[in-house]
Amino acid sequence: MGESNYASLEVNGKKIELPIIESSDGDNGIDISRLRAETGYITFDNGFSNTASSISNITHIDGEQGELRIRGYNIEDLVHNCSFREVAYLLVHGSLPTRDQLTAFSSYLNEHSLIDEDMHHFFSGFPRNGHPMAILAAMVTSLSSFYPDLEDTKDQSFDITAARLVSKVRTIAAFSYRKSKGQALVYPRHDLNYCSNFLNMMFDSSVKPYHIDPLYAKILDKLLILHVDHGQNCSTTAVKLIGSAKANLYAAISAGICALWGPLHGGANQAVVEMLENIMADDGDVQKYIGMAKDRDNAFRLMGFGHAIYKNYDPRAKLAKELVDELFSSREINDPLLDIARKLEAAALSDEFFIERKLYPNIDFYTGILYRALGIPTNMLTVMFVIGRLPGWIAQWKEFIDNKSRIFRPRQIYVGPDLRSFVEIDKR
Ligand code: CMC
């Protein structure tokens, strides 16, 4: 580093000074935006894992210590003391709500919980076994043709659009499940809170009314808080990337949904459950799967393990484990996948391969088991992650737009052919 606020770099004998951008958590940055202009060089960072492309005051993660703070609050405090609505408000508006603010926010959520009746036809166009993430991404994009884009991030149109998205995505998620089952839609109700409403829309039936277990609604609420934001991960980068081109918020969120779908990202919760089912079918042989994960010639990875930032236990995985204990000890739920997950975790955490590489369970390792216990089917697990992550995406998008950030336009290092002479088609 240079004197105080600059880092020095020597390229081909030319010394330049690069400004240091100070962070509030010690992860300071070196501003290389003038590097090409001054030296002719660009930087290369595979996967951008050492590159910040925006400045944010939303989420702090200490991967070495296994700490996560959202707008300054420890994730443990939020999960233990808040409702998802409060945390959604915290993300979207920057501070925890007063009672009046929470009441107003809840009214917005109720007011905007329905989707336009014309949108119902879309569900019929999808194949019965279409993946709910595909349906959700398409439906969220189509919201932009039914509801106006917000005019200003600093006026009431932002509050309404944010509430509209947080509320309607939950409705769309439940409707896509009902359609996939060939069942009639159950509409949202104003007398139910956010999570009870979701469970009711998923499982109520005119022939068999659904009893909402308050513990189930509480566990779901806590699960959604666990997902709420996680800095500039792959899907949040997608939201910002699309936002940087000034596409509308719905389009940006839809891009985030598509990115989250990947099994290395939010799709890992579905992949974990499928992996545990495979292990069960293999007589619970966890060592076989540990061996496959360690085999460098096998593409298999232990799903729900490892993290790009955490080199310690993911704090969200610890909290998910607490929720497993609370739910499974309070209700008579038996899930053989839980025993397999526990054995797999113990085997991995005592294996040199995982210890050396600091691979620990991540958020997705236990959350799938919790959702299953609530009755949520496996192909809806990543949709649940979307519902939880939505306030984070909205907050990150707003901050990005308000900071007047530039369009994302990374470069590539070109290694293709030199100029070639054009040859007419008949002479090739
Ligand atoms: N199973 C086996 N080996 C692994 C795993 C795993 N799950 N994760 C990392 N490794 C190995 C990897 O092969 C590499 O080994 P080596 O040094 O011998 O080449 C080493 O550990 C470092 O891995 P990496 O690929 O540099 O790690 P990364 O930071 O690029 O990847 C990850 C992070 C999350 C993509 C990866 O750990 C992974 O694929 N995990 C399984 C999928 C998963 O659970 N994803 C959810 C992540 S948390 C939720 C979210 O992001 O939405």
# chains A, B, ... in the order shown; residues from 1 in each chain; ligands from 1
>>> residues_near_ligand(ligand="ligand 1", cutoff="9 Å", atoms="only C-alpha atoms and all ligand atoms", output="PyMOL selection string")
chain A and resi 47+49+227+230+233-235+260-269+271-272+290+292-296+299-310+314+353-354+356-365+385
>>> write_last_selection(atoms="N, CA and C atoms", output="short mmCIF file (atom, residue, chain, number, x, y, z; two decimals), in the first residue's frame")
data_model
loop_
_atom_site.label_atom_id
_atom_site.label_comp_id
_atom_site.auth_asym_id
_atom_site.auth_seq_id
_atom_site.Cartn_x
_atom_site.Cartn_y
_atom_site.Cartn_z
N GLY A 47 -14.40 -15.24 -11.98
CA GLY A 47 -15.56 -15.31 -11.07
C GLY A 47 -15.73 -14.06 -10.23
N SER A 49 -14.24 -13.02 -7.81
CA SER A 49 -14.27 -13.27 -6.36
C SER A 49 -13.38 -12.30 -5.59
N HIS A 227 -32.97 -16.22 4.61
CA HIS A 227 -32.63 -16.02 3.20
C HIS A 227 -32.50 -14.54 2.83
N HIS A 230 -27.70 -11.44 1.28
CA HIS A 230 -26.37 -12.00 1.50
C HIS A 230 -25.34 -11.30 0.63
N ASN A 233 -23.95 -11.56 -3.95
CA ASN A 233 -23.80 -12.94 -4.45
C ASN A 233 -24.19 -12.99 -5.93
N CYS A 234 -24.27 -14.20 -6.48
CA CYS A 234 -24.51 -14.35 -7.92
C CYS A 234 -25.85 -13.73 -8.35
N SER A 235 -26.94 -14.03 -7.62
CA SER A 235 -28.25 -13.52 -8.07
C SER A 235 -28.37 -12.01 -7.84
N LEU A 260 -30.60 -17.47 -9.22
CA LEU A 260 -30.73 -18.21 -7.96
C LEU A 260 -31.05 -19.69 -8.21
N TRP A 261 -31.69 -19.95 -9.33
CA TRP A 261 -32.14 -21.30 -9.66
C TRP A 261 -30.98 -22.30 -9.74
N GLY A 262 -29.79 -21.83 -10.09
CA GLY A 262 -28.64 -22.72 -10.31
C GLY A 262 -28.31 -23.53 -9.06
N PRO A 263 -27.94 -24.81 -9.24
CA PRO A 263 -27.65 -25.67 -8.08
C PRO A 263 -26.41 -25.27 -7.28
N LEU A 264 -25.53 -24.43 -7.86
CA LEU A 264 -24.40 -23.96 -7.04
C LEU A 264 -24.83 -22.80 -6.16
N HIS A 265 -26.01 -22.25 -6.44
CA HIS A 265 -26.52 -21.09 -5.68
C HIS A 265 -27.78 -21.56 -4.92
N GLY A 266 -28.91 -20.86 -5.08
CA GLY A 266 -30.10 -21.21 -4.30
C GLY A 266 -30.69 -22.56 -4.65
N GLY A 267 -30.43 -23.02 -5.88
CA GLY A 267 -30.95 -24.34 -6.29
C GLY A 267 -30.33 -25.47 -5.48
N ALA A 268 -29.32 -25.13 -4.66
CA ALA A 268 -28.68 -26.17 -3.85
C ALA A 268 -29.67 -26.77 -2.84
N ASN A 269 -30.69 -26.00 -2.40
CA ASN A 269 -31.59 -26.60 -1.40
C ASN A 269 -32.37 -27.78 -1.99
N ALA A 271 -31.18 -29.53 -4.56
CA ALA A 271 -30.15 -30.54 -4.83
C ALA A 271 -29.77 -31.31 -3.57
N VAL A 272 -29.81 -30.64 -2.41
CA VAL A 272 -29.47 -31.32 -1.15
C VAL A 272 -30.49 -32.42 -0.87
N ILE A 290 -19.23 -39.24 0.43
CA ILE A 290 -18.04 -38.48 0.84
C ILE A 290 -16.90 -38.82 -0.12
N MET A 292 -17.15 -39.89 -3.21
CA MET A 292 -17.42 -39.29 -4.53
C MET A 292 -17.06 -37.81 -4.53
N ALA A 293 -17.38 -37.11 -3.44
CA ALA A 293 -17.11 -35.66 -3.37
C ALA A 293 -15.60 -35.40 -3.36
N LYS A 294 -14.84 -36.35 -2.80
CA LYS A 294 -13.38 -36.16 -2.71
C LYS A 294 -12.67 -36.57 -3.99
N ASP A 295 -13.33 -37.36 -4.82
CA ASP A 295 -12.70 -37.90 -6.03
C ASP A 295 -12.58 -36.79 -7.08
N ARG A 296 -11.34 -36.41 -7.39
CA ARG A 296 -11.11 -35.30 -8.33
C ARG A 296 -11.58 -35.62 -9.75
N ALA A 299 -17.39 -35.32 -10.91
CA ALA A 299 -17.91 -33.95 -10.84
C ALA A 299 -18.82 -33.74 -9.63
N PHE A 300 -19.15 -34.84 -8.93
CA PHE A 300 -20.08 -34.73 -7.80
C PHE A 300 -19.51 -33.84 -6.69
N ARG A 301 -20.36 -32.98 -6.16
CA ARG A 301 -19.99 -32.17 -4.99
C ARG A 301 -21.00 -32.44 -3.89
N LEU A 302 -20.57 -32.33 -2.67
CA LEU A 302 -21.49 -32.50 -1.56
C LEU A 302 -22.38 -31.27 -1.52
N MET A 303 -23.63 -31.42 -1.88
CA MET A 303 -24.51 -30.25 -1.96
C MET A 303 -24.82 -29.75 -0.55
N GLY A 304 -24.93 -28.41 -0.44
CA GLY A 304 -25.17 -27.83 0.89
C GLY A 304 -23.89 -27.69 1.69
N PHE A 305 -22.75 -27.95 1.05
CA PHE A 305 -21.45 -27.81 1.72
C PHE A 305 -20.58 -26.85 0.95
N GLY A 306 -19.79 -26.07 1.68
CA GLY A 306 -18.85 -25.14 1.05
C GLY A 306 -19.52 -23.82 0.75
N HIS A 307 -18.71 -22.79 0.68
CA HIS A 307 -19.25 -21.47 0.38
C HIS A 307 -18.14 -20.58 -0.15
N ALA A 308 -18.49 -19.74 -1.11
CA ALA A 308 -17.47 -18.86 -1.70
C ALA A 308 -16.89 -17.90 -0.66
N ILE A 309 -17.66 -17.49 0.33
CA ILE A 309 -17.19 -16.50 1.32
C ILE A 309 -16.91 -17.16 2.68
N TYR A 310 -17.82 -18.01 3.14
CA TYR A 310 -17.63 -18.60 4.48
C TYR A 310 -16.55 -19.67 4.46
N ASP A 314 -21.43 -21.60 8.30
CA ASP A 314 -22.36 -20.56 7.86
C ASP A 314 -23.33 -20.28 9.03
N PHE A 353 -10.20 -33.97 3.97
CA PHE A 353 -10.47 -33.23 2.73
C PHE A 353 -11.31 -31.98 3.02
N PHE A 354 -12.37 -32.14 3.80
CA PHE A 354 -13.27 -31.02 4.09
C PHE A 354 -12.65 -30.06 5.11
N GLU A 356 -9.37 -29.46 5.58
CA GLU A 356 -8.32 -28.68 4.89
C GLU A 356 -8.90 -27.54 4.07
N ARG A 357 -9.98 -27.82 3.36
CA ARG A 357 -10.58 -26.83 2.46
C ARG A 357 -11.61 -25.93 3.16
N LYS A 358 -11.76 -26.14 4.46
CA LYS A 358 -12.71 -25.33 5.25
C LYS A 358 -14.11 -25.39 4.65
N LEU A 359 -14.57 -26.60 4.40
CA LEU A 359 -15.91 -26.78 3.83
C LEU A 359 -16.87 -27.16 4.95
N TYR A 360 -17.84 -26.29 5.19
CA TYR A 360 -18.82 -26.49 6.26
C TYR A 360 -20.22 -26.49 5.65
N PRO A 361 -21.22 -26.93 6.41
CA PRO A 361 -22.59 -26.83 5.88
C PRO A 361 -22.95 -25.37 5.62
N ASN A 362 -23.63 -25.13 4.51
CA ASN A 362 -24.12 -23.77 4.23
C ASN A 362 -25.63 -23.72 4.46
N ILE A 363 -26.22 -22.59 4.19
CA ILE A 363 -27.65 -22.40 4.49
C ILE A 363 -28.53 -23.50 3.92
N ASP A 364 -28.14 -24.04 2.75
CA ASP A 364 -29.03 -24.97 2.06
C ASP A 364 -28.99 -26.38 2.63
N PHE A 365 -28.07 -26.66 3.56
CA PHE A 365 -27.94 -28.04 4.01
C PHE A 365 -29.16 -28.50 4.81
N PHE A 385 -36.72 -19.84 -1.32
CA PHE A 385 -35.53 -18.99 -1.20
C PHE A 385 -35.81 -17.64 -1.87
#
>>> select_by_dssp(residues="region 116-307 of chain A", states="helix (DSSP H, G or I)", output="MDAnalysis selection string")
chainID A and resid 117:125 132:146 156:180 194:203 214:226 234:244 249:260 268:281 286:294
>>> residues_around(residues="Ser54 (chain A)", least_positions_apart="5", cutoff="9 Å", atoms="only C-alpha atoms", output="PyMOL selection string")
chain A and resi 232+400+403+405
>>> residues_around(residues="Val186 (chain A)", least_positions_apart="2", cutoff="10 Å", atoms="only C-alpha atoms", output="compact mmCIF listing (two decimals) with N, CA, C and O atoms, in the first residue's frame")
# COMPACT_ATOMS: atom_id res chain seq x y z
N THR A 171 -47.90 -14.87 -3.65
CA THR A 171 -49.15 -15.36 -4.26
C THR A 171 -48.85 -16.19 -5.51
O THR A 171 -49.40 -17.27 -5.70
N ALA A 174 -47.49 -19.65 -4.62
CA ALA A 174 -48.52 -20.60 -4.17
C ALA A 174 -49.42 -21.01 -5.34
O ALA A 174 -49.77 -22.19 -5.49
N PHE A 175 -49.77 -20.05 -6.21
CA PHE A 175 -50.64 -20.37 -7.35
C PHE A 175 -49.95 -21.36 -8.30
O PHE A 175 -50.59 -22.26 -8.84
N ARG A 178 -50.38 -24.75 -6.88
CA ARG A 178 -51.77 -25.26 -7.02
C ARG A 178 -52.02 -25.72 -8.45
O ARG A 178 -52.63 -26.75 -8.68
N GLN A 183 -55.09 -28.13 -8.94
CA GLN A 183 -56.07 -27.74 -7.91
C GLN A 183 -56.51 -26.29 -8.07
O GLN A 183 -55.77 -25.47 -8.62
N ALA A 184 -57.71 -25.99 -7.57
CA ALA A 184 -58.24 -24.63 -7.65
C ALA A 184 -57.34 -23.68 -6.85
O ALA A 184 -56.71 -24.08 -5.86
N PRO A 188 -55.40 -15.05 -1.42
CA PRO A 188 -54.85 -14.54 -0.14
C PRO A 188 -55.97 -13.94 0.73
O PRO A 188 -56.98 -13.49 0.20
N ARG A 189 -55.76 -13.98 2.03
CA ARG A 189 -56.77 -13.43 2.96
C ARG A 189 -56.14 -12.32 3.80
O ARG A 189 -55.02 -12.46 4.27
N ASN A 197 -50.74 -16.90 5.57
CA ASN A 197 -51.41 -16.70 4.29
C ASN A 197 -50.81 -17.61 3.22
O ASN A 197 -51.52 -18.25 2.45
N PHE A 198 -49.48 -17.66 3.19
CA PHE A 198 -48.81 -18.49 2.19
C PHE A 198 -49.18 -19.96 2.39
O PHE A 198 -49.56 -20.66 1.44
N ASN A 200 -51.72 -21.21 3.82
CA ASN A 200 -53.14 -21.42 3.49
C ASN A 200 -53.37 -21.47 1.98
O ASN A 200 -54.11 -22.32 1.48
N MET A 201 -52.69 -20.57 1.26
CA MET A 201 -52.84 -20.57 -0.22
C MET A 201 -52.29 -21.87 -0.80
O MET A 201 -52.75 -22.36 -1.82
N MET A 202 -51.27 -22.42 -0.18
CA MET A 202 -50.67 -23.67 -0.68
C MET A 202 -51.56 -24.87 -0.39
O MET A 202 -51.72 -25.74 -1.24
N PHE A 203 -52.11 -24.94 0.83
CA PHE A 203 -52.64 -26.23 1.28
C PHE A 203 -54.13 -26.27 1.60
O PHE A 203 -54.67 -27.34 1.88
N ASP A 204 -54.82 -25.13 1.60
CA ASP A 204 -56.24 -25.19 1.95
C ASP A 204 -57.04 -25.83 0.82
O ASP A 204 -56.64 -25.78 -0.35
N SER A 205 -58.15 -26.45 1.19
CA SER A 205 -58.99 -27.07 0.17
C SER A 205 -60.44 -27.00 0.64
O SER A 205 -60.72 -27.04 1.84
N SER A 206 -61.36 -26.87 -0.34
CA SER A 206 -62.77 -26.75 0.06
C SER A 206 -63.27 -28.05 0.67
O SER A 206 -64.19 -28.06 1.48
>>> residues_around(residues="Cys195 (chain A)", least_positions_apart="5", cutoff="8 Å", atoms="only C-alpha atoms", output="number ranges by chain")
A: 217-218, 220-221
>>> closest_residue(among="A:Val140, A:Val87, A:Val286, A:Ala104", to="Arg69 (chain A)", atoms="only C-alpha atoms")
A:Val87
>>> atom_distance(atom1="CA of Asn5 (chain A)", atom2="CA of Ser23 (chain A)")
12.1 Å
